[in-house]
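*Asks:* Okay, handing you the structure first.
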Amino acid sequence: MSARYGNSYVAHGVPGERSRLGTLEAAFDPATVEVLESLSLPEKAGCLDLGAGAGSIAAWLADHRPLGRVVATDTDTRFLTFPPGAPVRVLRHDVVTEDFPPASFDLVHARALLFHLPEREKVLARAAQWVRPGGWLVVEDLTVRPVDDSPHDLLRKITKAGEELHRTTMGSDMRWADSLPDRLRANGLQDVRSRFTPGVIGDGSATDAFWTATFEQSISAQLALGTVSPEDVEAMRALHRSPGFRDVGVAMVTACGRRP
Ligand SMILES: C[S@@+](CC[C@H](N)C(=O)[O-])C[C@H]1O[C@@H](n2cnc3c(N)ncnc32)[C@H](O)[C@@H]1O
């Protein structure tokens with residue numbers, strides 16, 4: 001699986017990817033942090049951040065649980081750098097093929113990771129087992145569902161093309177997030193709750209910056225797949241900068257549950 005992600009238009013080696021991950025963090029860290037702050041975790045919590053990307057959530061956990069320990073994993077760890085002395089261990093780890101012992105962590109977190117993995121159901125079941133009894137699993141993934149109701153035909157077309165690009169190149173499911181709370185319950189988690197963070201576009205917001213960075217970075221892959229034309233791309237750029245344009249892009253679903 002990592003070969004699929006690692007060869008995609010969002011691989012870490014693609015120019016602009018570090019900056020694009022920064023836009024994802026700026027757009028969705030506030031919602032993630034709000035959920036993490038609402039969880040009861042011990043002072044010395046052991047935390048695992050799977051597919052940690054550029055590491056903002058692992059860094060936040062290290063700042064807020066300085067007596068604990070954080071393990072930040074990724075198949076490509078080049079962006080995972082932390083200040084000296086931060087209680088973070090960076091681990092090159094493929095969540096599809098590599099394990100942790102059962103009941104190893106008070107918190108297991110994965111954002112914008114599982115929806116990309118064709119093996120997402122099995123990974124979710126395994127990740128739930130890595131949580132200690134009484135600890136929390138927090139899974140967050142992106143969904144394109146809000147765009148179904150967009151009044152802009154072109155945005156719906158571009159979004160469908162993006163969904164298709166992700167599905168064919170990586171096996172991603174950009175609607176799986178919609179059923180996350182049920183999936184957590186099905187894996188035996190309790191006190192399940194969820195939060196929906198819309199991705200507004202056209203307003204110069206942090207979610208708009210994430211949408212724009214992702215759209216621009218995807219264009220050559222989209223054109224190669226043939227699901228959008230150069231005219232579509234230009235028309236989308238023009239729509240996006242037209243005065244008064246506002247719509248919804250991808251949104252984040254954050255679901256958490258406690259292991260009994
Ligand atoms: C969209 S990024 C999200 C990064 C971070 N979680 C965030 O939300 O800011 C997905 C991350 O998952 C990593 N990844 C992809 N496949 C993986 C796998 N099989 N095991 C671990 N990490 C993986 C990628 O390298 C990338 O850093």
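Just so we're on the same page: first chain in the structure tokens is A, next is B, and so on; residues restart at 1 for each chain, and ligands are numbered from 1 in the order they show up.
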Write out as a Markdown table the residues of chain A that have any atom within 7 Å of an atom of ligand 1, one row each with the nearest atom pair and its distance in Å to one decimal, counting only C-alpha atoms and all ligand atoms, sorted by chain and then rising number.
*Replies:*
| residue | atom | partner | partner_atom_place_in_ligand_line | distance |
| --- | --- | --- | --- | --- |
| A:Met1 | CA | ligand 1 | 19 (N) | 5.8 |
| A:Ser2 | CA | ligand 1 | 19 (N) | 4.7 |
| A:Tyr5 | CA | ligand 1 | 15 (C) | 5.6 |
| A:Gly6 | CA | ligand 1 | 25 (O) | 6.9 |
| A:Ala11 | CA | ligand 1 | 25 (O) | 6.7 |
| A:His12 | CA | ligand 1 | 25 (O) | 6.6 |
| A:Leu21 | CA | ligand 1 | 9 (O) | 6.0 |
| A:Leu24 | CA | ligand 1 | 9 (O) | 6.0 |
| A:Glu25 | CA | ligand 1 | 9 (O) | 5.1 |
| A:Leu50 | CA | ligand 1 | 21 (C) | 6.0 |
| A:Gly51 | CA | ligand 1 | 22 (N) | 3.6 |
| A:Ala52 | CA | ligand 1 | 6 (N) | 4.2 |
| A:Gly53 | CA | ligand 1 | 27 (O) | 3.3 |
| A:Ala54 | CA | ligand 1 | 9 (O) | 6.0 |
| A:Gly55 | CA | ligand 1 | 9 (O) | 6.5 |
| A:Ser56 | CA | ligand 1 | 9 (O) | 6.6 |
| A:Thr73 | CA | ligand 1 | 21 (C) | 6.2 |
| A:Asp74 | CA | ligand 1 | 22 (N) | 3.9 |
| A:Thr75 | CA | ligand 1 | 22 (N) | 4.6 |
| A:Asp76 | CA | ligand 1 | 25 (O) | 5.1 |
| A:His93 | CA | ligand 1 | 21 (C) | 5.7 |
| A:Asp94 | CA | ligand 1 | 20 (N) | 3.6 |
| A:Val95 | CA | ligand 1 | 20 (N) | 4.0 |
| A:Val96 | CA | ligand 1 | 19 (N) | 5.1 |
| A:Ala110 | CA | ligand 1 | 6 (N) | 5.9 |
| A:Arg111 | CA | ligand 1 | 6 (N) | 4.3 |
| A:Ala112 | CA | ligand 1 | 3 (C) | 4.7 |
| A:Leu113 | CA | ligand 1 | 10 (C) | 4.7 |
| A:Leu117 | CA | ligand 1 | 16 (N) | 6.9 |
*Asks:* As a PyMOL selection string, please: every residue in region 20-240 of chain A that a backbone DSSP assignment puts in alpha helix (DSSP H).
*Replies:* chain A and resi 20-37+56-64+120-129+153-170+180-186+206-225+230-240
*Asks:* Work out how far CA of Asp247 (chain A) is from CA of Arg20 (chain A), in Å to one decimal.
*Replies:*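 Going from CA of Arg20 (chain A) over to CA of Asp247 (chain A), I get 20.2 Å.
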*Asks:* Pick out the closest residue to Asp191 (chain A) from this set: A:Arg258, A:Lys44, A:Arg18, A:Arg89. Count only C-alpha atoms.
*Replies:*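 Distance minimum relative to Asp191 (chain A) lands on A:Arg258.
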*Asks:* Could you build a table of the residues in region 91-140 of chain A lying no more than 10 Å from region 158-169 of chain A, giving for each the nearest pair of atoms and their separation in Å rounded to one decimal place, using only C-alpha atoms, ordered by chain and ascending residue number, as JSON lines?
*Replies:*
{"residue": "A:Phe115", "atom": "CA", "partner": "A:His166", "partner_atom": "CA", "distance": 9.8}
{"residue": "A:His116", "atom": "CA", "partner": "A:His166", "partner_atom": "CA", "distance": 7.7}
{"residue": "A:Leu117", "atom": "CA", "partner": "A:Arg167", "partner_atom": "CA", "distance": 9.9}
{"residue": "A:Pro118", "atom": "CA", "partner": "A:Arg167", "partner_atom": "CA", "distance": 9.2}
*Asks:* Convert the current residue selection to file output with all heavy atoms, as a PDB file, in the first residue's frame.
*Replies:*
ATOM      1  N   PHE A 115      -8.700   6.481   5.161  1.00  0.00           N
ATOM      2  CA  PHE A 115      -9.507   6.510   3.936  1.00  0.00           C
ATOM      3  C   PHE A 115      -8.663   6.270   2.702  1.00  0.00           C
ATOM      4  O   PHE A 115      -9.169   5.872   1.656  1.00  0.00           O
ATOM      5  CB  PHE A 115     -10.312   7.820   3.840  1.00  0.00           C
ATOM      6  CG  PHE A 115      -9.553   9.026   3.343  1.00  0.00           C
ATOM      7  CD1 PHE A 115      -9.816   9.560   2.092  1.00  0.00           C
ATOM      8  CD2 PHE A 115      -8.595   9.630   4.124  1.00  0.00           C
ATOM      9  CE1 PHE A 115      -9.137  10.676   1.629  1.00  0.00           C
ATOM     10  CE2 PHE A 115      -7.891  10.746   3.677  1.00  0.00           C
ATOM     11  CZ  PHE A 115      -8.163  11.275   2.423  1.00  0.00           C
ATOM     12  N   HIS A 116      -7.341   6.466   2.823  1.00  0.00           N
ATOM     13  CA  HIS A 116      -6.451   6.215   1.689  1.00  0.00           C
ATOM     14  C   HIS A 116      -6.092   4.730   1.549  1.00  0.00           C
ATOM     15  O   HIS A 116      -5.516   4.339   0.520  1.00  0.00           O
ATOM     16  CB  HIS A 116      -5.145   6.988   1.870  1.00  0.00           C
ATOM     17  CG  HIS A 116      -5.238   8.445   1.494  1.00  0.00           C
ATOM     18  ND1 HIS A 116      -5.797   8.870   0.312  1.00  0.00           N
ATOM     19  CD2 HIS A 116      -4.818   9.557   2.132  1.00  0.00           C
ATOM     20  CE1 HIS A 116      -5.711  10.201   0.251  1.00  0.00           C
ATOM     21  NE2 HIS A 116      -5.137  10.636   1.336  1.00  0.00           N
ATOM     22  N   LEU A 117      -6.331   3.932   2.583  1.00  0.00           N
ATOM     23  CA  LEU A 117      -5.834   2.549   2.592  1.00  0.00           C
ATOM     24  C   LEU A 117      -6.926   1.569   2.176  1.00  0.00           C
ATOM     25  O   LEU A 117      -7.954   1.489   2.844  1.00  0.00           O
ATOM     26  CB  LEU A 117      -5.350   2.173   3.993  1.00  0.00           C
ATOM     27  CG  LEU A 117      -4.363   3.133   4.667  1.00  0.00           C
ATOM     28  CD1 LEU A 117      -4.053   2.668   6.083  1.00  0.00           C
ATOM     29  CD2 LEU A 117      -3.087   3.247   3.858  1.00  0.00           C
ATOM     30  N   PRO A 118      -6.697   0.796   1.128  1.00  0.00           N
ATOM     31  CA  PRO A 118      -7.704  -0.218   0.771  1.00  0.00           C
ATOM     32  C   PRO A 118      -7.952  -1.188   1.931  1.00  0.00           C
ATOM     33  O   PRO A 118      -9.036  -1.745   2.050  1.00  0.00           O
ATOM     34  CB  PRO A 118      -7.064  -0.952  -0.419  1.00  0.00           C
ATOM     35  CG  PRO A 118      -6.053   0.005  -0.967  1.00  0.00           C
ATOM     36  CD  PRO A 118      -5.568   0.835   0.191  1.00  0.00           C
TER      37      PRO A 118
END
*Asks:* Restricting the calculation to only C-alpha atoms: of A:Asp49, A:Glu140, A:Asp63, A:Asp148, which residue gets closest to Phe105 (chain A)?
*Replies:* A:Asp49
*Asks:* Which residues are close to region 232-242 of chain A, i.e. within 7 Å by only C-alpha atoms, leaving aside same-chain residues fewer than 3 positions away? Reply as a list in words.
*Replies:*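 After dropping sequence-adjacent residues, the list is Leu154, Gly202, Val228, Ser229 and Phe245 of chain A.
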*Asks:* Please provide the set of residues having any atom within 12 Å of Phe28 (chain A), restricted to only C-alpha atoms, with same-chain residues fewer than 6 positions apart removed, written as a PyMOL selection string.
*Replies:* chain A and resi 21-22+34-35+56-57+111-112+140-142+195-200+205-211+250-254
*Asks:* Which of these residues is nearest to Ala72 (chain A), using only C-alpha atoms: A:Leu36, A:Cys47, A:Ala177, A:Ala31?
*Replies:* A:Cys47
*Asks:* Taking the DSSP secondary structure from the backbone, can you list the residues of region 25-233 of chain A that are strand (DSSP E), as a ChimeraX atom specification?
*Replies:* /A:46-50,69-74,88-92,105-111,131-143,190-197,200-201
*Asks:* Can you spit out the residues from that selection as a CSV table (one decimal), in the first residue's frame, using N, CA and C atoms?
*Replies:*
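Dumped everything to part-v3.csv:
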chain,number,residue,atom,x,y,z
A,46,GLY,N,0.5,7.5,27.1
A,46,GLY,CA,1.2,7.0,25.9
A,46,GLY,C,0.4,7.3,24.7
A,47,CYS,N,0.9,8.0,23.7
A,47,CYS,CA,0.1,8.4,22.6
A,47,CYS,C,0.7,7.9,21.3
A,48,LEU,N,-0.1,7.5,20.4
A,48,LEU,CA,0.4,7.0,19.1
A,48,LEU,C,-0.3,7.8,18.0
A,49,ASP,N,0.5,8.5,17.1
A,49,ASP,CA,-0.1,9.2,16.0
A,49,ASP,C,0.3,8.5,14.7
A,50,LEU,N,-0.6,7.8,14.1
A,50,LEU,CA,-0.3,7.0,12.9
A,50,LEU,C,-0.4,7.9,11.7
A,69,ARG,N,4.5,10.0,26.6
A,69,ARG,CA,5.4,9.8,25.4
A,69,ARG,C,4.5,9.7,24.2
A,70,VAL,N,5.1,10.1,23.1
A,70,VAL,CA,4.3,10.1,21.8
A,70,VAL,C,5.1,9.3,20.8
A,71,VAL,N,4.5,8.4,20.2
A,71,VAL,CA,5.1,7.7,19.0
A,71,VAL,C,4.5,8.3,17.8
A,72,ALA,N,5.3,8.9,16.9
A,72,ALA,CA,4.8,9.4,15.6
A,72,ALA,C,5.3,8.5,14.5
A,73,THR,N,4.3,7.9,13.8
A,73,THR,CA,4.7,7.0,12.7
A,73,THR,C,4.4,7.5,11.4
A,74,ASP,N,5.1,7.0,10.4
A,74,ASP,CA,4.8,7.3,9.0
A,74,ASP,C,5.6,6.3,8.1
A,88,VAL,N,9.0,12.7,21.9
A,88,VAL,CA,8.4,12.1,20.7
A,88,VAL,C,9.4,11.1,20.1
A,89,ARG,N,8.9,9.9,19.8
A,89,ARG,CA,9.7,9.0,19.1
A,89,ARG,C,9.2,8.9,17.7
A,90,VAL,N,10.1,9.1,16.7
A,90,VAL,CA,9.6,9.0,15.3
A,90,VAL,C,9.9,7.5,14.8
A,91,LEU,N,8.9,6.9,14.2
A,91,LEU,CA,9.1,5.5,13.9
A,91,LEU,C,8.6,5.3,12.4
A,92,ARG,N,9.5,4.8,11.6
A,92,ARG,CA,9.1,4.4,10.2
A,92,ARG,C,8.3,3.1,10.4
A,105,PHE,N,-1.3,1.8,24.2
A,105,PHE,CA,-1.4,3.3,24.2
A,105,PHE,C,-2.7,3.7,24.9
A,106,ASP,N,-2.6,4.9,25.5
A,106,ASP,CA,-3.8,5.5,26.1
A,106,ASP,C,-4.6,6.3,25.0
A,107,LEU,N,-3.9,6.6,23.9
A,107,LEU,CA,-4.5,7.3,22.8
A,107,LEU,C,-3.9,6.8,21.5
A,108,VAL,N,-4.8,6.5,20.6
A,108,VAL,CA,-4.3,6.2,19.2
A,108,VAL,C,-5.1,7.1,18.3
A,109,HIS,N,-4.3,7.9,17.5
A,109,HIS,CA,-4.9,8.9,16.6
A,109,HIS,C,-4.5,8.7,15.2
A,110,ALA,N,-5.4,8.8,14.2
A,110,ALA,CA,-5.0,8.7,12.8
A,110,ALA,C,-5.9,9.7,12.1
A,111,ARG,N,-5.2,10.7,11.4
A,111,ARG,CA,-6.0,11.6,10.6
A,111,ARG,C,-5.6,11.6,9.1
A,131,VAL,N,-5.2,0.2,21.7
A,131,VAL,CA,-5.7,1.1,22.7
A,131,VAL,C,-5.8,0.3,24.0
A,132,ARG,N,-5.3,0.9,25.2
A,132,ARG,CA,-5.5,0.3,26.5
A,132,ARG,C,-7.0,0.4,26.9
A,133,PRO,N,-7.5,-0.6,27.7
A,133,PRO,CA,-8.8,-0.4,28.3
A,133,PRO,C,-8.9,1.0,28.9
A,134,GLY,N,-10.0,1.7,28.6
A,134,GLY,CA,-10.2,3.1,29.2
A,134,GLY,C,-9.6,4.2,28.3
A,135,GLY,N,-8.7,3.8,27.3
A,135,GLY,CA,-8.1,4.7,26.5
A,135,GLY,C,-9.0,5.1,25.2
A,136,TRP,N,-8.5,6.0,24.4
A,136,TRP,CA,-9.3,6.5,23.3
A,136,TRP,C,-8.7,6.2,21.9
A,137,LEU,N,-9.6,5.9,21.0
A,137,LEU,CA,-9.2,5.9,19.6
A,137,LEU,C,-9.8,7.1,18.9
A,138,VAL,N,-9.1,7.9,18.2
A,138,VAL,CA,-9.6,9.0,17.4
A,138,VAL,C,-9.2,8.8,16.0
A,139,VAL,N,-10.2,8.7,15.1
A,139,VAL,CA,-10.0,8.5,13.7
A,139,VAL,C,-10.7,9.7,13.0
A,140,GLU,N,-9.9,10.3,12.1
A,140,GLU,CA,-10.5,11.4,11.3
A,140,GLU,C,-10.2,11.2,9.8
A,141,ASP,N,-11.2,11.4,9.0
A,141,ASP,CA,-10.9,11.3,7.6
A,141,ASP,C,-11.8,12.3,6.8
A,142,LEU,N,-11.3,12.5,5.6
A,142,LEU,CA,-12.0,13.5,4.7
A,142,LEU,C,-13.1,12.9,3.9
A,143,THR,N,-14.2,13.7,3.7
A,143,THR,CA,-15.3,13.2,2.9
A,143,THR,C,-15.6,14.3,1.9
A,190,GLN,N,-16.8,2.4,22.9
A,190,GLN,CA,-17.9,3.0,23.6
A,190,GLN,C,-17.8,4.5,23.7
A,191,ASP,N,-18.9,5.1,24.2
A,191,ASP,CA,-18.9,6.6,24.3
A,191,ASP,C,-18.5,7.3,23.0
A,192,VAL,N,-18.9,6.7,21.9
A,192,VAL,CA,-18.5,7.2,20.5
A,192,VAL,C,-19.2,8.5,20.3
A,193,ARG,N,-18.4,9.5,19.8
A,193,ARG,CA,-19.0,10.7,19.3
A,193,ARG,C,-18.2,11.2,18.1
A,194,SER,N,-18.8,12.2,17.4
A,194,SER,CA,-18.1,12.7,16.2
A,194,SER,C,-18.4,14.1,16.0
A,195,ARG,N,-17.5,14.7,15.2
A,195,ARG,CA,-17.6,16.1,14.9
A,195,ARG,C,-17.4,16.3,13.4
A,196,PHE,N,-18.1,17.2,12.8
A,196,PHE,CA,-18.0,17.4,11.4
A,196,PHE,C,-17.4,18.8,11.1
A,197,THR,N,-16.3,18.9,10.4
A,197,THR,CA,-15.7,20.2,10.1
A,197,THR,C,-15.8,20.5,8.6
A,200,VAL,N,-14.9,25.0,3.9
A,200,VAL,CA,-15.4,26.2,3.1
A,200,VAL,C,-14.4,26.6,2.1
A,201,ILE,N,-14.8,26.9,0.9
A,201,ILE,CA,-13.8,27.3,-0.1
A,201,ILE,C,-14.3,28.7,-0.7
*Asks:* As an exercise, work out the distance from CA of Ala221 (chain A) to CA of Met170 (chain A) in Å and give it to one decimal place.
*Replies:*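 Going from CA of Ala221 (chain A) over to CA of Met170 (chain A) covers 12.3 Å.
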*Asks:* Using only C-alpha atoms for the distances, tell me which of A:Pro151, A:Gly257, A:Pro84, A:Pro230 is nearest to Ser38 (chain A).
*Replies:*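 When distances to Ser38 (chain A) are compared using only C-alpha atoms, the smallest one comes from A:Gly257.
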*Asks:* Considering only C-alpha atoms, can you say which of A:Ala127, A:Leu225, A:Ala255, A:Val144 comes closest to Asp173 (chain A)?
*Replies:*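 The closest residue to Asp173 (chain A) is A:Val144.
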